[in-house]
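**Student:** Pasting a structure here, questions to come.
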Amino acid sequence: MGLTIGVDIGGTKIAAGVVDEDGTILDTSQVATPPTPEGVVEAIADAIKTVGRGTSAEAVGIGAAGYVDDKRATVLFAPNIAWRHETLKDKIEQRVSLSVVVENDANAAAWGEYRFGAGTGHDDVVCITLGTGLGGGIIIGGKLHRGRFGVAGEFGHLRVVPDGLLCGCGSQGCWEQYASGRALVRYAKQRATATPDAATVLLGLGDGTPEGIEGRHVSDAARQGDPVAIDSFRELARWAGAGLADLASLFDPSAFIVGGGVSDEGDLVLDPIRKSFRRWLVGSRYRPHAQVLAAQLGGRAGLVGAADLARQG
């Protein structure tokens, strides 16, 4: 199969792109994400039709945040769109007259990195995305591991602290409450409240109060050497690295790939993640260590990965 179309469903926009066999995006189309579940279906179809017009694209891959069934057809649960057992594959196929594969968005991004990004040359890879929340994907023996029911790799909801912080999923102590963009902002607000004199740069980038701190302020302040911002990144990295050590005990990959918006800070966050990983890895002194690599495809990973999964069939 030659050209395929990948779709990435975001909170504010839906992006579709024509992708070739080398993972190169040849053309893209974007539409705003509608507020209703029914509107999202129509917007996806419109984006596919727009970008696919006049091309020889043969199939469509859609990356959707949420639980996707084992047939890669139905979105069982998507909290941000309010889909419940949404038969997305059938609905889109009826509208665009192309075969459709639906995949969890983090799985699609993991596959994109494995095929065309940081995972090239590795057959056993675990990816995590440190964004607003925490997602992930698993590649074992060159194959995407989806689990029996299609919902493997939901790392963000591993419970790392019994009776810990309340998570949006309804549970407590989930990993994403301690290693995510939301967690980073919470750490910064707490530290700026406790030691405002050490957070002058950080506070100055917002409205001067801890409550006004946003994620971009923490990143900018850390790059300027603000100690509270840097310490906030280190706290996030401590939790992220410890979680990777646990995943190494489960999957023993040759590489971990760290993506998502938080990872855009490069070694500011990756170096302390690597340090924490080595600290908490069981038998660290006596076993080979997986590489901890920065994702390479950025925001393109999900679209490219979804398109390639459609190509795989």
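Letters for chains follow the order of the structure tokens (A, B, ...), residue numbers begin at 1 for each chain, and ligand numbers begin at 1 in the order shown.
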Can you list, as a ChimeraX atom specification, every protein, DNA or RNA residue that comes within 12 Å of Gly10 in chain A when you count only C-alpha atoms, leaving out same-chain residues fewer than 2 positions away?
**Tutor:** /A:7-8,12-16,30-35,40,43-44,62-66,78,80-81,105-106,299,302-303
**Student:** Please list as a PyMOL selection string every residue within 7 Å of range 289-298 of chain A, counting only C-alpha atoms and excluding residues in the same chain fewer than 3 positions away.
**Tutor:** chain A and resi 113+117-118+253-259+263+274+301
**Student:** Kindly provide the residues of range 200-227 of chain A that approach range 175-184 of chain A to within 10 Å, each paired with its closest atom pair and their distance in Å to one decimal, based on only C-alpha atoms, listed by chain and increasing number, as a tab-separated table.
**Tutor:**
residue	atom	partner	partner_atom	distance
A:Glu214	CA	A:Arg182	CA	9.2
A:Gly215	CA	A:Gly181	CA	6.8
A:Arg216	CA	A:Gly181	CA	9.8
A:Val218	CA	A:Leu184	CA	7.9
A:Ser219	CA	A:Leu184	CA	9.6
**Student:** Would you mind exporting N, CA and C atoms of the selected residues as a PDB file, in the first residue's frame?
**Tutor:**
ATOM      1  N   GLU A 214       1.576  29.109  34.799  1.00  0.00           N
ATOM      2  CA  GLU A 214       1.167  28.175  33.763  1.00  0.00           C
ATOM      3  C   GLU A 214       2.365  27.345  33.321  1.00  0.00           C
ATOM      4  N   GLY A 215       2.106  26.297  32.574  1.00  0.00           N
ATOM      5  CA  GLY A 215       3.182  25.404  32.158  1.00  0.00           C
ATOM      6  C   GLY A 215       4.291  26.108  31.403  1.00  0.00           C
ATOM      7  N   ARG A 216       3.916  27.007  30.496  1.00  0.00           N
ATOM      8  CA  ARG A 216       4.934  27.722  29.710  1.00  0.00           C
ATOM      9  C   ARG A 216       5.800  28.613  30.594  1.00  0.00           C
ATOM     10  N   VAL A 218       6.752  27.847  33.654  1.00  0.00           N
ATOM     11  CA  VAL A 218       7.717  26.973  34.321  1.00  0.00           C
ATOM     12  C   VAL A 218       8.874  26.662  33.374  1.00  0.00           C
ATOM     13  N   SER A 219       8.548  26.369  32.119  1.00  0.00           N
ATOM     14  CA  SER A 219       9.592  26.073  31.132  1.00  0.00           C
ATOM     15  C   SER A 219      10.495  27.278  30.899  1.00  0.00           C
TER      16      SER A 219
END
**Student:** Identify, with DSSP run on backbone atoms, the residues in range 83-229 of chain A assigned to helix (DSSP H, G or I), and express the list as an MDAnalysis selection string.
**Tutor:** chainID A and resid 88:96 105:116 155:157 175:177 181:194 196:205 210:212 215:223 227:229
**Student:** I'd like to know which of A:Ser249, A:Gln190, A:Gln312, A:Gln94 is closest to Val282 in chain A, using only C-alpha atoms.
**Tutor:** A:Ser249
**Student:** Considering only C-alpha atoms, return as a PyMOL selection string whatever protein or nucleic-acid residues lie within 12 Å of Asp308 in chain A, sequence-local ones (same chain, fewer than 5 positions apart) excluded.
**Tutor:** chain A and resi 1-7+17-25+57-63+100-103+107-116+144+301-303+313
**Student:** List the neighbours of Leu247 in chain A out to 10 Å using only C-alpha atoms; skip same-chain residues closer than 5 positions along the sequence, and give me the result as a ChimeraX atom specification.
**Tutor:** /A:126,155,241-242,252-253,256,281
**Student:** Please dump the current selection as a compact mmCIF listing (two decimals), in the first residue's frame; keep all heavy atoms.
**Tutor:**
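Saved as part.txt:
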# COMPACT_ATOMS: atom_id res chain seq x y z
N VAL A 126 9.31 0.96 24.64
CA VAL A 126 8.18 1.48 25.40
C VAL A 126 8.21 3.00 25.31
O VAL A 126 9.26 3.61 25.57
CB VAL A 126 8.22 1.03 26.88
CG1 VAL A 126 7.13 1.73 27.68
CG2 VAL A 126 8.05 -0.48 26.98
N PHE A 155 -0.55 3.71 30.77
CA PHE A 155 0.39 3.86 31.89
C PHE A 155 -0.01 4.96 32.86
O PHE A 155 0.31 4.89 34.05
CB PHE A 155 1.79 4.17 31.35
CG PHE A 155 2.36 3.11 30.46
CD1 PHE A 155 3.04 3.46 29.31
CD2 PHE A 155 2.21 1.77 30.76
CE1 PHE A 155 3.58 2.50 28.47
CE2 PHE A 155 2.74 0.80 29.94
CZ PHE A 155 3.43 1.17 28.79
N GLY A 241 11.08 8.86 36.09
CA GLY A 241 12.15 7.86 36.03
C GLY A 241 11.85 6.64 36.87
O GLY A 241 12.13 5.51 36.47
N ALA A 242 11.24 6.86 38.04
CA ALA A 242 10.87 5.73 38.89
C ALA A 242 9.83 4.85 38.19
O ALA A 242 9.88 3.61 38.28
CB ALA A 242 10.33 6.23 40.22
N ASP A 252 11.20 -4.99 29.90
CA ASP A 252 12.61 -5.11 29.56
C ASP A 252 12.90 -4.65 28.13
O ASP A 252 13.47 -5.38 27.32
CB ASP A 252 13.06 -6.56 29.75
CG ASP A 252 14.58 -6.72 29.64
OD1 ASP A 252 15.30 -5.76 29.97
OD2 ASP A 252 15.03 -7.80 29.21
N PRO A 253 12.52 -3.41 27.77
CA PRO A 253 12.78 -2.94 26.41
C PRO A 253 14.24 -2.53 26.24
O PRO A 253 14.97 -2.34 27.22
CB PRO A 253 11.87 -1.73 26.30
CG PRO A 253 11.87 -1.17 27.69
CD PRO A 253 11.90 -2.37 28.60
N PHE A 256 13.45 3.30 26.02
CA PHE A 256 12.27 4.09 26.37
C PHE A 256 12.32 5.37 25.56
O PHE A 256 13.37 6.01 25.47
CB PHE A 256 12.25 4.44 27.86
CG PHE A 256 11.96 3.29 28.77
CD1 PHE A 256 12.99 2.68 29.48
CD2 PHE A 256 10.67 2.81 28.93
CE1 PHE A 256 12.73 1.62 30.33
CE2 PHE A 256 10.40 1.75 29.78
CZ PHE A 256 11.43 1.15 30.48
N LEU A 281 15.94 1.42 39.24
CA LEU A 281 15.94 0.16 38.48
C LEU A 281 16.45 -0.97 39.35
O LEU A 281 17.58 -0.92 39.86
CB LEU A 281 16.81 0.32 37.23
CG LEU A 281 16.86 -0.88 36.30
CD1 LEU A 281 15.49 -1.15 35.68
CD2 LEU A 281 17.91 -0.65 35.21
**Student:** For the atom pair CA of Asp90 in chain A and CA of Gly305 in chain A, what is the interatomic distance in Å to one decimal place?
**Tutor:** 20.6 Å
**Student:** Could you pull the residues within 12 Å of Ser171 in chain A, counting only C-alpha atoms, minus those fewer than 5 positions along the same chain, as a list in words?
**Tutor:**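 Near Ser171 in chain A, the qualifying residues are Gly156, His157, Leu158, Arg159, Val160, Val161, Pro162, Asp163, Gly164, Leu165, Leu166, Glu176 and Gln177 of chain A.
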**Student:** List the neighbours of Ala222 in chain A out to 9 Å using only C-alpha atoms; skip same-chain residues closer than 5 positions along the sequence, and give me the result as a ChimeraX atom specification.
**Tutor:** /A:201-202,217,227-233,268
**Student:** Could you tell me how far CA of Arg148 in chain A lies from CA of Phe251 in chain A, in Å and to one decimal?
**Tutor:** 16.5 Å
**Student:** Just the number, please: distance in Å from CA of Lys143 in chain A to CA of Asp124 in chain A, one decimal.
**Tutor:**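 About the pair CA of Lys143 in chain A and CA of Asp124 in chain A: they are 8.5 Å apart.
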**Student:** Run DSSP on the backbone and tell me which residues of range 143-194 of chain A come out as strand (DSSP E or B); list them as an NGL selection string.
**Tutor:** :A and (143-144 or 159 or 166 or 172 or 174)
**Student:** Can you work out which one of A:Arg72, A:Gly261, A:Ile273, A:Asp246 has the shortest atom-to-atom distance to Gly147 in chain A, counting only C-alpha atoms?
**Tutor:** A:Arg72
